[in-house]
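Dumped target_31.txt below, it's compact mmCIF, C-alpha atoms and all ligand atoms:
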```txt
# COMPACT_ATOMS: atom_id res chain seq x y z
CA MET A 1144 24.25 -1.24 -13.23
CA SER A 1145 22.33 -0.29 -16.38
CA LYS A 1146 19.61 2.35 -16.28
CA PRO A 1147 16.05 1.04 -16.14
CA GLN A 1148 14.04 1.57 -19.29
CA ILE A 1149 11.20 4.04 -18.72
CA ILE A 1150 8.13 2.96 -20.68
CA SER A 1151 4.73 4.64 -20.79
CA ASN A 1152 2.90 2.42 -23.26
CA PRO A 1153 1.31 -0.70 -21.68
CA ALA A 1154 1.68 -2.67 -24.93
CA ASP A 1155 5.46 -2.10 -24.92
CA VAL A 1156 5.80 -3.42 -21.36
CA GLN A 1157 3.64 -6.40 -22.27
CA LYS A 1158 5.89 -7.09 -25.27
CA ALA A 1159 9.05 -7.02 -23.14
CA ALA A 1160 7.37 -9.29 -20.57
CA ARG A 1161 6.31 -11.71 -23.30
CA GLU A 1162 9.95 -11.95 -24.49
CA TRP A 1163 11.18 -12.58 -20.93
CA LYS A 1164 8.58 -15.29 -20.43
CA LYS A 1165 9.70 -16.96 -23.68
CA GLU A 1166 13.23 -17.08 -22.27
CA GLY A 1167 11.91 -18.68 -19.08
CA LEU A 1168 12.71 -15.67 -16.89
CA SER A 1169 10.66 -14.87 -13.78
CA ILE A 1170 9.17 -11.39 -13.37
CA GLY A 1171 8.52 -9.36 -10.22
CA LEU A 1172 6.11 -6.41 -10.13
CA VAL A 1173 6.22 -3.56 -7.61
CA PRO A 1174 3.19 -1.26 -8.00
CA THR A 1175 3.78 2.26 -6.62
CA MET A 1176 2.59 5.83 -6.97
CA GLY A 1177 6.19 7.05 -6.99
CA TYR A 1178 8.01 9.55 -4.75
CA LEU A 1179 9.89 6.47 -3.64
CA HIS A 1180 11.21 6.13 -0.09
CA ASP A 1181 12.84 3.30 1.85
CA GLY A 1182 9.50 1.51 2.26
CA HIS A 1183 9.18 1.20 -1.53
CA ARG A 1184 12.87 0.40 -1.75
CA SER A 1185 12.45 -2.61 0.54
CA LEU A 1186 9.77 -4.01 -1.79
CA ILE A 1187 11.93 -3.38 -4.85
CA HIS A 1188 14.92 -4.97 -3.14
CA LYS A 1189 12.99 -8.12 -2.38
CA ALA A 1190 11.59 -8.25 -5.90
CA VAL A 1191 15.09 -8.01 -7.38
CA GLU A 1192 16.30 -10.76 -5.03
CA GLN A 1193 13.48 -13.13 -5.90
CA ASN A 1194 13.04 -12.58 -9.66
CA ASP A 1195 15.11 -12.52 -12.87
CA ARG A 1196 13.46 -9.29 -14.05
CA VAL A 1197 11.68 -6.51 -12.14
CA ILE A 1198 9.09 -3.98 -13.27
CA VAL A 1199 8.31 -1.04 -10.98
CA SER A 1200 5.17 0.85 -11.90
CA ILE A 1201 4.98 4.54 -11.03
CA PHE A 1202 1.46 5.71 -11.58
CA VAL A 1203 -0.65 8.10 -9.53
CA ASN A 1204 -3.84 6.26 -10.33
CA PRO A 1205 -6.66 8.82 -10.65
CA ILE A 1206 -9.50 6.34 -10.17
CA GLN A 1207 -8.42 5.44 -6.63
CA PHE A 1208 -8.74 9.06 -5.44
CA GLY A 1209 -12.05 10.50 -4.25
CA PRO A 1210 -13.20 13.97 -5.36
CA ASN A 1211 -11.79 15.78 -2.31
CA GLU A 1212 -8.54 13.85 -2.03
CA ASP A 1213 -4.98 14.80 -2.87
CA LEU A 1214 -4.67 13.60 -6.51
CA ASP A 1215 -3.47 16.95 -7.89
CA ASN A 1216 -1.05 17.62 -5.04
CA TYR A 1217 0.35 14.10 -4.77
CA PRO A 1218 4.16 14.47 -4.74
CA ARG A 1219 6.06 13.40 -7.85
CA ASP A 1220 9.79 13.11 -8.62
CA LEU A 1221 10.56 10.81 -11.52
CA GLU A 1222 14.25 11.68 -11.58
CA ALA A 1223 14.83 10.67 -7.96
CA ASP A 1224 12.62 7.59 -8.43
CA THR A 1225 14.68 6.54 -11.45
CA ALA A 1226 17.85 6.80 -9.36
CA VAL A 1227 16.34 4.56 -6.67
CA CYS A 1228 15.25 2.02 -9.28
CA GLU A 1229 18.64 2.11 -10.99
CA SER A 1230 20.52 1.55 -7.72
CA GLU A 1231 18.33 -1.47 -6.97
CA GLY A 1232 18.73 -3.00 -10.44
CA VAL A 1233 15.18 -2.54 -11.77
CA ASP A 1234 14.72 -3.44 -15.46
CA ILE A 1235 11.64 -1.44 -16.41
CA ILE A 1236 9.90 1.57 -14.88
CA PHE A 1237 6.36 1.53 -16.16
CA HIS A 1238 5.26 5.16 -16.03
CA PRO A 1239 2.01 5.58 -17.94
CA GLU A 1240 -0.19 8.65 -18.20
CA PRO A 1241 -3.84 8.25 -17.18
CA LYS A 1242 -4.78 8.22 -20.89
CA ASP A 1243 -2.46 5.24 -21.46
CA MET A 1244 -4.36 3.29 -18.80
CA TYR A 1245 -7.93 4.55 -19.18
CA GLY A 1246 -7.99 6.53 -22.41
CA ASP A 1247 -9.91 4.35 -24.81
CA HIS A 1248 -13.53 4.49 -23.53
CA PHE A 1249 -12.70 2.49 -20.42
CA LEU A 1250 -15.69 0.49 -19.11
CA THR A 1251 -14.37 -2.34 -16.92
CA HIS A 1252 -13.72 -2.35 -13.18
CA VAL A 1253 -12.77 -4.99 -10.65
CA GLU A 1254 -14.41 -4.76 -7.24
CA VAL A 1255 -13.91 -6.79 -4.08
CA ASP A 1256 -16.96 -6.68 -1.78
CA GLU A 1257 -17.29 -6.56 2.01
CA ILE A 1258 -13.67 -6.13 3.11
CA THR A 1259 -13.48 -2.90 1.10
CA LYS A 1260 -16.40 -1.36 3.01
CA VAL A 1261 -14.65 -1.26 6.41
CA LEU A 1262 -11.61 0.62 7.81
CA CYS A 1263 -10.36 3.00 5.08
CA GLY A 1264 -13.25 1.99 2.82
CA ARG A 1265 -15.71 3.86 5.04
CA SER A 1266 -14.23 7.27 4.32
CA ARG A 1267 -12.81 6.35 0.89
CA PRO A 1268 -15.71 4.66 -0.90
CA VAL A 1269 -14.18 4.54 -4.40
CA HIS A 1270 -10.61 3.86 -3.33
CA PHE A 1271 -10.32 0.09 -3.36
CA LYS A 1272 -12.26 -0.34 -6.60
CA GLY A 1273 -9.65 1.92 -8.19
CA VAL A 1274 -6.83 -0.06 -6.58
CA THR A 1275 -8.07 -3.50 -7.62
CA THR A 1276 -8.79 -2.31 -11.15
CA VAL A 1277 -5.33 -0.83 -11.63
CA VAL A 1278 -3.54 -3.72 -9.90
CA ASN A 1279 -5.37 -6.17 -12.13
CA LYS A 1280 -4.27 -4.21 -15.18
CA LEU A 1281 -0.68 -4.01 -13.90
CA MET A 1282 -0.62 -7.76 -13.30
CA ASN A 1283 -1.86 -8.39 -16.85
CA ILE A 1284 0.53 -5.89 -18.41
CA SER A 1285 3.61 -7.11 -16.51
CA LYS A 1286 2.86 -10.87 -16.71
CA ALA A 1287 4.54 -10.99 -13.30
CA ASP A 1288 5.06 -14.18 -11.31
CA ARG A 1289 5.15 -12.22 -8.06
CA ALA A 1290 3.78 -8.86 -6.95
CA TYR A 1291 5.06 -6.98 -3.90
CA PHE A 1292 2.91 -4.98 -1.47
CA GLY A 1293 3.64 -3.33 1.88
CA GLN A 1294 1.98 -4.32 5.14
CA LYS A 1295 1.80 -0.54 5.69
CA ASP A 1296 -1.38 -0.63 3.61
CA ALA A 1297 -2.68 -3.77 5.34
CA GLN A 1298 -6.22 -3.50 4.00
CA GLN A 1299 -4.93 -3.03 0.46
CA LEU A 1300 -2.77 -6.14 0.86
CA ALA A 1301 -5.75 -8.17 2.13
CA VAL A 1302 -7.97 -6.88 -0.69
CA VAL A 1303 -5.39 -7.66 -3.38
CA LYS A 1304 -4.84 -11.16 -1.95
CA LYS A 1305 -8.60 -11.76 -2.01
CA MET A 1306 -8.90 -10.55 -5.60
CA VAL A 1307 -6.05 -12.83 -6.69
CA LYS A 1308 -7.63 -15.81 -4.93
CA ASP A 1309 -11.21 -15.16 -6.07
CA LEU A 1310 -10.25 -14.52 -9.71
CA ASN A 1311 -7.62 -17.30 -9.90
CA ILE A 1312 -4.94 -14.88 -10.99
CA ASP A 1313 -1.71 -16.81 -11.46
CA ILE A 1314 0.56 -14.64 -9.35
CA GLU A 1315 2.09 -14.79 -5.87
CA VAL A 1316 1.31 -11.77 -3.69
CA VAL A 1317 4.25 -11.07 -1.40
CA GLY A 1318 3.59 -8.94 1.71
CA CYS A 1319 6.54 -6.92 3.07
CA PRO A 1320 7.05 -5.44 6.56
CA ILE A 1321 6.47 -1.77 7.40
CA VAL A 1322 9.59 0.40 7.12
CA ARG A 1323 9.68 3.23 9.68
CA GLU A 1324 11.51 6.47 10.41
CA GLU A 1325 13.85 6.38 13.40
CA ASP A 1326 11.17 7.73 15.75
CA GLY A 1327 8.66 5.09 14.61
CA LEU A 1328 6.58 7.01 12.06
CA ALA A 1329 5.76 4.69 9.15
CA LYS A 1330 7.43 5.98 5.98
CA SER A 1331 4.94 7.43 3.54
CA SER A 1332 5.05 9.74 0.55
CA ARG A 1333 2.33 11.73 2.34
CA ASN A 1334 4.65 12.55 5.29
CA LYS A 1335 5.96 15.30 3.01
CA TYR A 1336 2.73 17.24 3.65
CA LEU A 1337 3.45 17.54 7.41
CA SER A 1338 4.72 20.83 8.88
CA PRO A 1339 7.63 20.43 11.36
CA GLU A 1340 5.17 20.64 14.26
CA GLU A 1341 2.83 18.09 12.67
CA ARG A 1342 5.75 15.81 11.89
CA LYS A 1343 6.58 15.68 15.61
CA ALA A 1344 2.93 15.05 16.48
CA ALA A 1345 2.65 12.24 13.90
CA VAL A 1346 4.76 9.91 16.02
CA VAL A 1347 1.64 9.46 18.17
CA LEU A 1348 0.36 6.88 15.64
CA SER A 1349 3.18 4.40 16.17
CA ARG A 1350 3.42 5.27 19.88
CA SER A 1351 -0.22 4.40 20.46
CA LEU A 1352 0.13 1.15 18.51
CA ASN A 1353 3.26 0.25 20.49
CA ARG A 1354 1.27 0.69 23.72
CA ALA A 1355 -1.39 -1.69 22.42
CA HIS A 1356 1.19 -4.19 21.20
CA ALA A 1357 2.91 -4.18 24.60
CA LEU A 1358 -0.44 -4.87 26.31
CA MET A 1359 -1.10 -7.78 23.98
CA ASP A 1360 2.41 -9.11 24.61
CA GLU A 1361 1.51 -9.10 28.32
CA GLY A 1362 -1.56 -11.21 27.54
CA GLU A 1363 -4.38 -8.68 27.14
CA ARG A 1364 -7.01 -10.19 24.81
CA ASN A 1365 -9.94 -7.83 25.17
CA ALA A 1366 -10.46 -5.92 21.93
CA ASP A 1367 -12.21 -2.98 23.64
CA LYS A 1368 -9.29 -2.55 26.01
CA ILE A 1369 -6.88 -2.50 23.05
CA ARG A 1370 -9.00 0.10 21.23
CA SER A 1371 -9.35 2.32 24.31
CA THR A 1372 -5.62 2.16 25.04
CA ILE A 1373 -4.90 3.45 21.55
CA SER A 1374 -7.64 6.11 21.67
CA ASP A 1375 -6.41 7.37 25.05
CA GLU A 1376 -2.88 7.74 23.74
CA LEU A 1377 -4.08 9.51 20.58
CA SER A 1378 -6.21 11.91 22.63
CA LYS A 1379 -3.08 13.19 24.37
CA GLU A 1380 -1.91 14.72 21.08
CA PRO A 1381 -3.94 17.87 20.29
CA LEU A 1382 -3.02 17.83 16.58
CA ALA A 1383 -4.30 14.26 16.14
CA ASP A 1384 -7.86 13.69 14.94
CA PRO A 1385 -8.56 9.94 14.78
CA GLU A 1386 -10.76 8.64 11.94
CA TYR A 1387 -10.84 5.03 13.16
CA VAL A 1388 -9.19 2.82 15.76
CA SER A 1389 -9.96 -0.79 14.88
CA VAL A 1390 -9.20 -4.30 16.00
CA VAL A 1391 -10.35 -6.60 13.21
CA ASP A 1392 -10.03 -10.21 12.15
CA SER A 1393 -6.94 -10.45 9.89
CA GLU A 1394 -8.82 -12.18 7.11
CA THR A 1395 -12.40 -10.91 7.20
CA LEU A 1396 -11.42 -7.42 8.46
CA GLN A 1397 -14.60 -7.45 10.57
CA ASP A 1398 -14.54 -5.86 14.04
CA ILE A 1399 -13.68 -8.13 16.95
CA LYS A 1400 -16.16 -7.81 19.78
CA GLY A 1401 -15.04 -9.06 23.18
CA ASP A 1402 -12.08 -11.39 23.31
CA ILE A 1403 -9.47 -11.92 20.62
CA ASN A 1404 -9.13 -15.60 19.69
CA ASP A 1405 -7.72 -15.41 16.16
CA PRO A 1406 -5.00 -13.39 14.41
CA VAL A 1407 -5.96 -9.73 14.33
CA LEU A 1408 -5.08 -6.56 12.51
CA VAL A 1409 -4.92 -3.52 14.76
CA ALA A 1410 -5.28 -0.55 12.41
CA ILE A 1411 -5.70 3.20 12.76
CA ALA A 1412 -6.27 6.20 10.53
CA VAL A 1413 -5.55 9.61 12.01
CA ARG A 1414 -5.59 13.11 10.60
CA ILE A 1415 -2.66 15.23 11.63
CA GLY A 1416 -3.72 18.69 10.48
CA SER A 1417 -5.08 18.06 7.00
CA THR A 1418 -2.89 15.00 6.35
CA ARG A 1419 -4.49 11.58 6.72
CA LEU A 1420 -2.03 8.97 7.99
CA ILE A 1421 -2.50 5.23 8.58
CA ASP A 1422 -0.58 2.66 10.59
CA ASN A 1423 -1.16 -0.86 11.89
CA PHE A 1424 0.27 -4.04 13.31
CA SER A 1425 -0.72 -7.66 12.94
CA PHE A 1426 -0.84 -9.92 15.94
CA GLU A 1427 -0.74 -13.71 15.73
CA LEU A 1428 -1.77 -15.48 18.90
P1 LIG A 1501 2.27 3.85 -2.61
O1 LIG A 1501 3.29 4.44 -3.53
O2 LIG A 1501 2.02 4.64 -1.38
O3 LIG A 1501 1.01 3.44 -3.34
O4 LIG A 1501 2.90 2.50 -2.07
C1 LIG A 1501 3.35 1.50 -2.97
C2 LIG A 1501 3.64 0.24 -2.18
O5 LIG A 1501 4.65 0.50 -1.21
C3 LIG A 1501 2.42 -0.28 -1.42
O6 LIG A 1501 2.38 -1.69 -1.52
C4 LIG A 1501 2.68 0.17 -0.02
O7 LIG A 1501 2.08 -0.65 0.96
C5 LIG A 1501 4.20 0.07 0.06
N1 LIG A 1501 4.70 0.92 1.13
C6 LIG A 1501 4.46 2.25 1.30
N2 LIG A 1501 5.04 2.69 2.45
C7 LIG A 1501 5.63 1.62 3.02
C8 LIG A 1501 6.37 1.41 4.21
N3 LIG A 1501 6.62 2.40 5.06
N4 LIG A 1501 6.84 0.18 4.48
C9 LIG A 1501 6.59 -0.85 3.62
N5 LIG A 1501 5.90 -0.73 2.48
C10 LIG A 1501 5.42 0.48 2.17
```
Can you present the structure in this file as structure tokens?
Amino acid sequence: MSKPQIISNPADVQKAAREWKKEGLSIGLVPTMGYLHDGHRSLIHKAVEQNDRVIVSIFVNPIQFGPNEDLDNYPRDLEADTAVCESEGVDIIFHPEPKDMYGDHFLTHVEVDEITKVLCGRSRPVHFKGVTTVVNKLMNISKADRAYFGQKDAQQLAVVKKMVKDLNIDIEVVGCPIVREEDGLAKSSRNKYLSPEERKAAVVLSRSLNRAHALMDEGERNADKIRSTISDELSKEPLADPEYVSVVDSETLQDIKGDINDPVLVAIAVRIGSTRLIDNFSFEL
């Protein structure tokens, strides 16, 4: 397996992509912020399976972080990330600096309305505008045929799909299932922030969602009952401070009142100590 090329200049990635396109090769893009774990690996694996060439971007995108968020502390390990990419057969690691992406008097942003104002958008008002802007750039730079996103960030996946549809971007967005630790905690680069005690407590997120899923499997369709089941379970864990517990329409991401008649996303954000964690499941009727 040859080592992936690590490129920081967007124009150089674009040039390589242009050559591949000329040869008729398909390109897969996996956007990440690095510190790769098995969740990222599953996306990369699928991208390698489905495309002739794969570009993994590793970029801690400053414009998707709010002023009091963890931009400066976000974990980084390019060496380990390169090893993961090499073992999966990635062709290019696109690893720009912020100045490579936004250096030259940057004035243009891409913003999806409405569905970015709910769930995580309430406490992270600039987040999705930063995500859609960078993802749009990454799609243009990589000339990818397919882009891979985790269901772990379900709102992000819905927002990116909407952007692609609304702006007629010629790319297939592929959603990939959540990869979990053995005890159920969704894998996340941010799990690194948890103390041993908090790490144990963090399993309450998946446990509460499992309770709700089991109820729905038994036929429960009342959204309030689903929300209260999750909240009750979360309240049993003293280290857990819930930010939201939501049952929303899978497409519009608007709250379901009363009975559930369409596919829903059941999503939560919970602080464990100072670490903000998210988890979710989708339920088709
Ligand atoms: P991040 O580096 O956190 O921005 O994540 C990059 C991509 O990996 C996003 O599309 C995430 O949804 C996806 N991802 C992160 N964690 C997981 C996970 N546990 N399972 C599946 N996909 C994930």
Closest contacts (chain A/ligand LIG 1501 (chain A), max 7 Å, only C-alpha atoms and all ligand atoms) as a Markdown table:
```
| residue | atom | partner | partner_atom | distance |
| --- | --- | --- | --- | --- |
| A:Pro1174 | CA | A:LIG1501 | C1 | 5.7 |
| A:Thr1175 | CA | A:LIG1501 | C1 | 3.8 |
| A:Met1176 | CA | A:LIG1501 | O1 | 3.8 |
| A:Gly1177 | CA | A:LIG1501 | O1 | 5.2 |
| A:Leu1179 | CA | A:LIG1501 | O1 | 6.9 |
| A:Gly1182 | CA | A:LIG1501 | C8 | 3.7 |
| A:His1183 | CA | A:LIG1501 | O5 | 4.6 |
| A:Ser1185 | CA | A:LIG1501 | C9 | 6.9 |
| A:Leu1186 | CA | A:LIG1501 | N5 | 6.6 |
| A:Tyr1291 | CA | A:LIG1501 | O6 | 6.4 |
| A:Phe1292 | CA | A:LIG1501 | O6 | 3.3 |
| A:Gly1293 | CA | A:LIG1501 | O7 | 3.2 |
| A:Gln1294 | CA | A:LIG1501 | O7 | 5.6 |
| A:Lys1295 | CA | A:LIG1501 | O7 | 4.7 |
| A:Asp1296 | CA | A:LIG1501 | O7 | 4.4 |
| A:Cys1319 | CA | A:LIG1501 | C9 | 6.1 |
| A:Pro1320 | CA | A:LIG1501 | C9 | 5.5 |
| A:Ile1321 | CA | A:LIG1501 | N4 | 3.5 |
| A:Val1322 | CA | A:LIG1501 | N4 | 3.8 |
| A:Arg1323 | CA | A:LIG1501 | N3 | 5.6 |
| A:Ala1329 | CA | A:LIG1501 | N3 | 4.8 |
| A:Lys1330 | CA | A:LIG1501 | N3 | 3.8 |
| A:Ser1331 | CA | A:LIG1501 | N2 | 4.9 |
| A:Ser1332 | CA | A:LIG1501 | O2 | 6.2 |
```
Name the residues in contact with Arg1289 (chain A) at a cut-off of 7 Å, using all atoms listed in the file, excluding same-chain residues fewer than 5 positions from it; report them as a list in words.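 The filter keeps Ile1170, Gly1171, Leu1172, Ile1314, Glu1315, Val1316 and Val1317 of chain A.
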Residue neighbourhood region 1408-1411 of chain A, 12 Å, only C-alpha atoms, exclusion window fewer than 6 positions, as a PyMOL selection string: chain A and resi 1261-1263+1294-1298+1300-1301+1347-1356+1359+1366-1367+1369-1370+1372-1374+1377+1383-1399+1419-1428
For the residues in that selection, give me C-alpha atoms as a PDB file, in the coordinates of the input.
```pdb
ATOM      1  CA  VAL A1261     -14.650  -1.260   6.410  1.00  0.00           C
ATOM      2  CA  LEU A1262     -11.610   0.620   7.810  1.00  0.00           C
ATOM      3  CA  CYS A1263     -10.360   3.000   5.080  1.00  0.00           C
ATOM      4  CA  GLN A1294       1.980  -4.320   5.140  1.00  0.00           C
ATOM      5  CA  LYS A1295       1.800  -0.540   5.690  1.00  0.00           C
ATOM      6  CA  ASP A1296      -1.380  -0.630   3.610  1.00  0.00           C
ATOM      7  CA  ALA A1297      -2.680  -3.770   5.340  1.00  0.00           C
ATOM      8  CA  GLN A1298      -6.220  -3.500   4.000  1.00  0.00           C
ATOM      9  CA  LEU A1300      -2.770  -6.140   0.860  1.00  0.00           C
ATOM     10  CA  ALA A1301      -5.750  -8.170   2.130  1.00  0.00           C
ATOM     11  CA  VAL A1347       1.640   9.460  18.170  1.00  0.00           C
ATOM     12  CA  LEU A1348       0.360   6.880  15.640  1.00  0.00           C
ATOM     13  CA  SER A1349       3.180   4.400  16.170  1.00  0.00           C
ATOM     14  CA  ARG A1350       3.420   5.270  19.880  1.00  0.00           C
ATOM     15  CA  SER A1351      -0.220   4.400  20.460  1.00  0.00           C
ATOM     16  CA  LEU A1352       0.130   1.150  18.510  1.00  0.00           C
ATOM     17  CA  ASN A1353       3.260   0.250  20.490  1.00  0.00           C
ATOM     18  CA  ARG A1354       1.270   0.690  23.720  1.00  0.00           C
ATOM     19  CA  ALA A1355      -1.390  -1.690  22.420  1.00  0.00           C
ATOM     20  CA  HIS A1356       1.190  -4.190  21.200  1.00  0.00           C
ATOM     21  CA  MET A1359      -1.100  -7.780  23.980  1.00  0.00           C
ATOM     22  CA  ALA A1366     -10.460  -5.920  21.930  1.00  0.00           C
ATOM     23  CA  ASP A1367     -12.210  -2.980  23.640  1.00  0.00           C
ATOM     24  CA  ILE A1369      -6.880  -2.500  23.050  1.00  0.00           C
ATOM     25  CA  ARG A1370      -9.000   0.100  21.230  1.00  0.00           C
ATOM     26  CA  THR A1372      -5.620   2.160  25.040  1.00  0.00           C
ATOM     27  CA  ILE A1373      -4.900   3.450  21.550  1.00  0.00           C
ATOM     28  CA  SER A1374      -7.640   6.110  21.670  1.00  0.00           C
ATOM     29  CA  LEU A1377      -4.080   9.510  20.580  1.00  0.00           C
ATOM     30  CA  ALA A1383      -4.300  14.260  16.140  1.00  0.00           C
ATOM     31  CA  ASP A1384      -7.860  13.690  14.940  1.00  0.00           C
ATOM     32  CA  PRO A1385      -8.560   9.940  14.780  1.00  0.00           C
ATOM     33  CA  GLU A1386     -10.760   8.640  11.940  1.00  0.00           C
ATOM     34  CA  TYR A1387     -10.840   5.030  13.160  1.00  0.00           C
ATOM     35  CA  VAL A1388      -9.190   2.820  15.760  1.00  0.00           C
ATOM     36  CA  SER A1389      -9.960  -0.790  14.880  1.00  0.00           C
ATOM     37  CA  VAL A1390      -9.200  -4.300  16.000  1.00  0.00           C
ATOM     38  CA  VAL A1391     -10.350  -6.600  13.210  1.00  0.00           C
ATOM     39  CA  ASP A1392     -10.030 -10.210  12.150  1.00  0.00           C
ATOM     40  CA  SER A1393      -6.940 -10.450   9.890  1.00  0.00           C
ATOM     41  CA  GLU A1394      -8.820 -12.180   7.110  1.00  0.00           C
ATOM     42  CA  THR A1395     -12.400 -10.910   7.200  1.00  0.00           C
ATOM     43  CA  LEU A1396     -11.420  -7.420   8.460  1.00  0.00           C
ATOM     44  CA  GLN A1397     -14.600  -7.450  10.570  1.00  0.00           C
ATOM     45  CA  ASP A1398     -14.540  -5.860  14.040  1.00  0.00           C
ATOM     46  CA  ILE A1399     -13.680  -8.130  16.950  1.00  0.00           C
ATOM     47  CA  ARG A1419      -4.490  11.580   6.720  1.00  0.00           C
ATOM     48  CA  LEU A1420      -2.030   8.970   7.990  1.00  0.00           C
ATOM     49  CA  ILE A1421      -2.500   5.230   8.580  1.00  0.00           C
ATOM     50  CA  ASP A1422      -0.580   2.660  10.590  1.00  0.00           C
ATOM     51  CA  ASN A1423      -1.160  -0.860  11.890  1.00  0.00           C
ATOM     52  CA  PHE A1424       0.270  -4.040  13.310  1.00  0.00           C
ATOM     53  CA  SER A1425      -0.720  -7.660  12.940  1.00  0.00           C
ATOM     54  CA  PHE A1426      -0.840  -9.920  15.940  1.00  0.00           C
ATOM     55  CA  GLU A1427      -0.740 -13.710  15.730  1.00  0.00           C
ATOM     56  CA  LEU A1428      -1.770 -15.480  18.900  1.00  0.00           C
TER      57      LEU A1428
END
```
Could you check the closest approach to Arg1267 (chain A) for each of A:Ala1290, A:Ile1198, A:Ala1412, A:Val1173 and tell me which residue wins, using only C-alpha atoms?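 For Arg1267 (chain A), the nearest of the candidates is A:Ala1412.
With CA of Pro1268 (chain A) on one side and CA of Pro1218 (chain A) on the other, the separation reads 22.5 Å.
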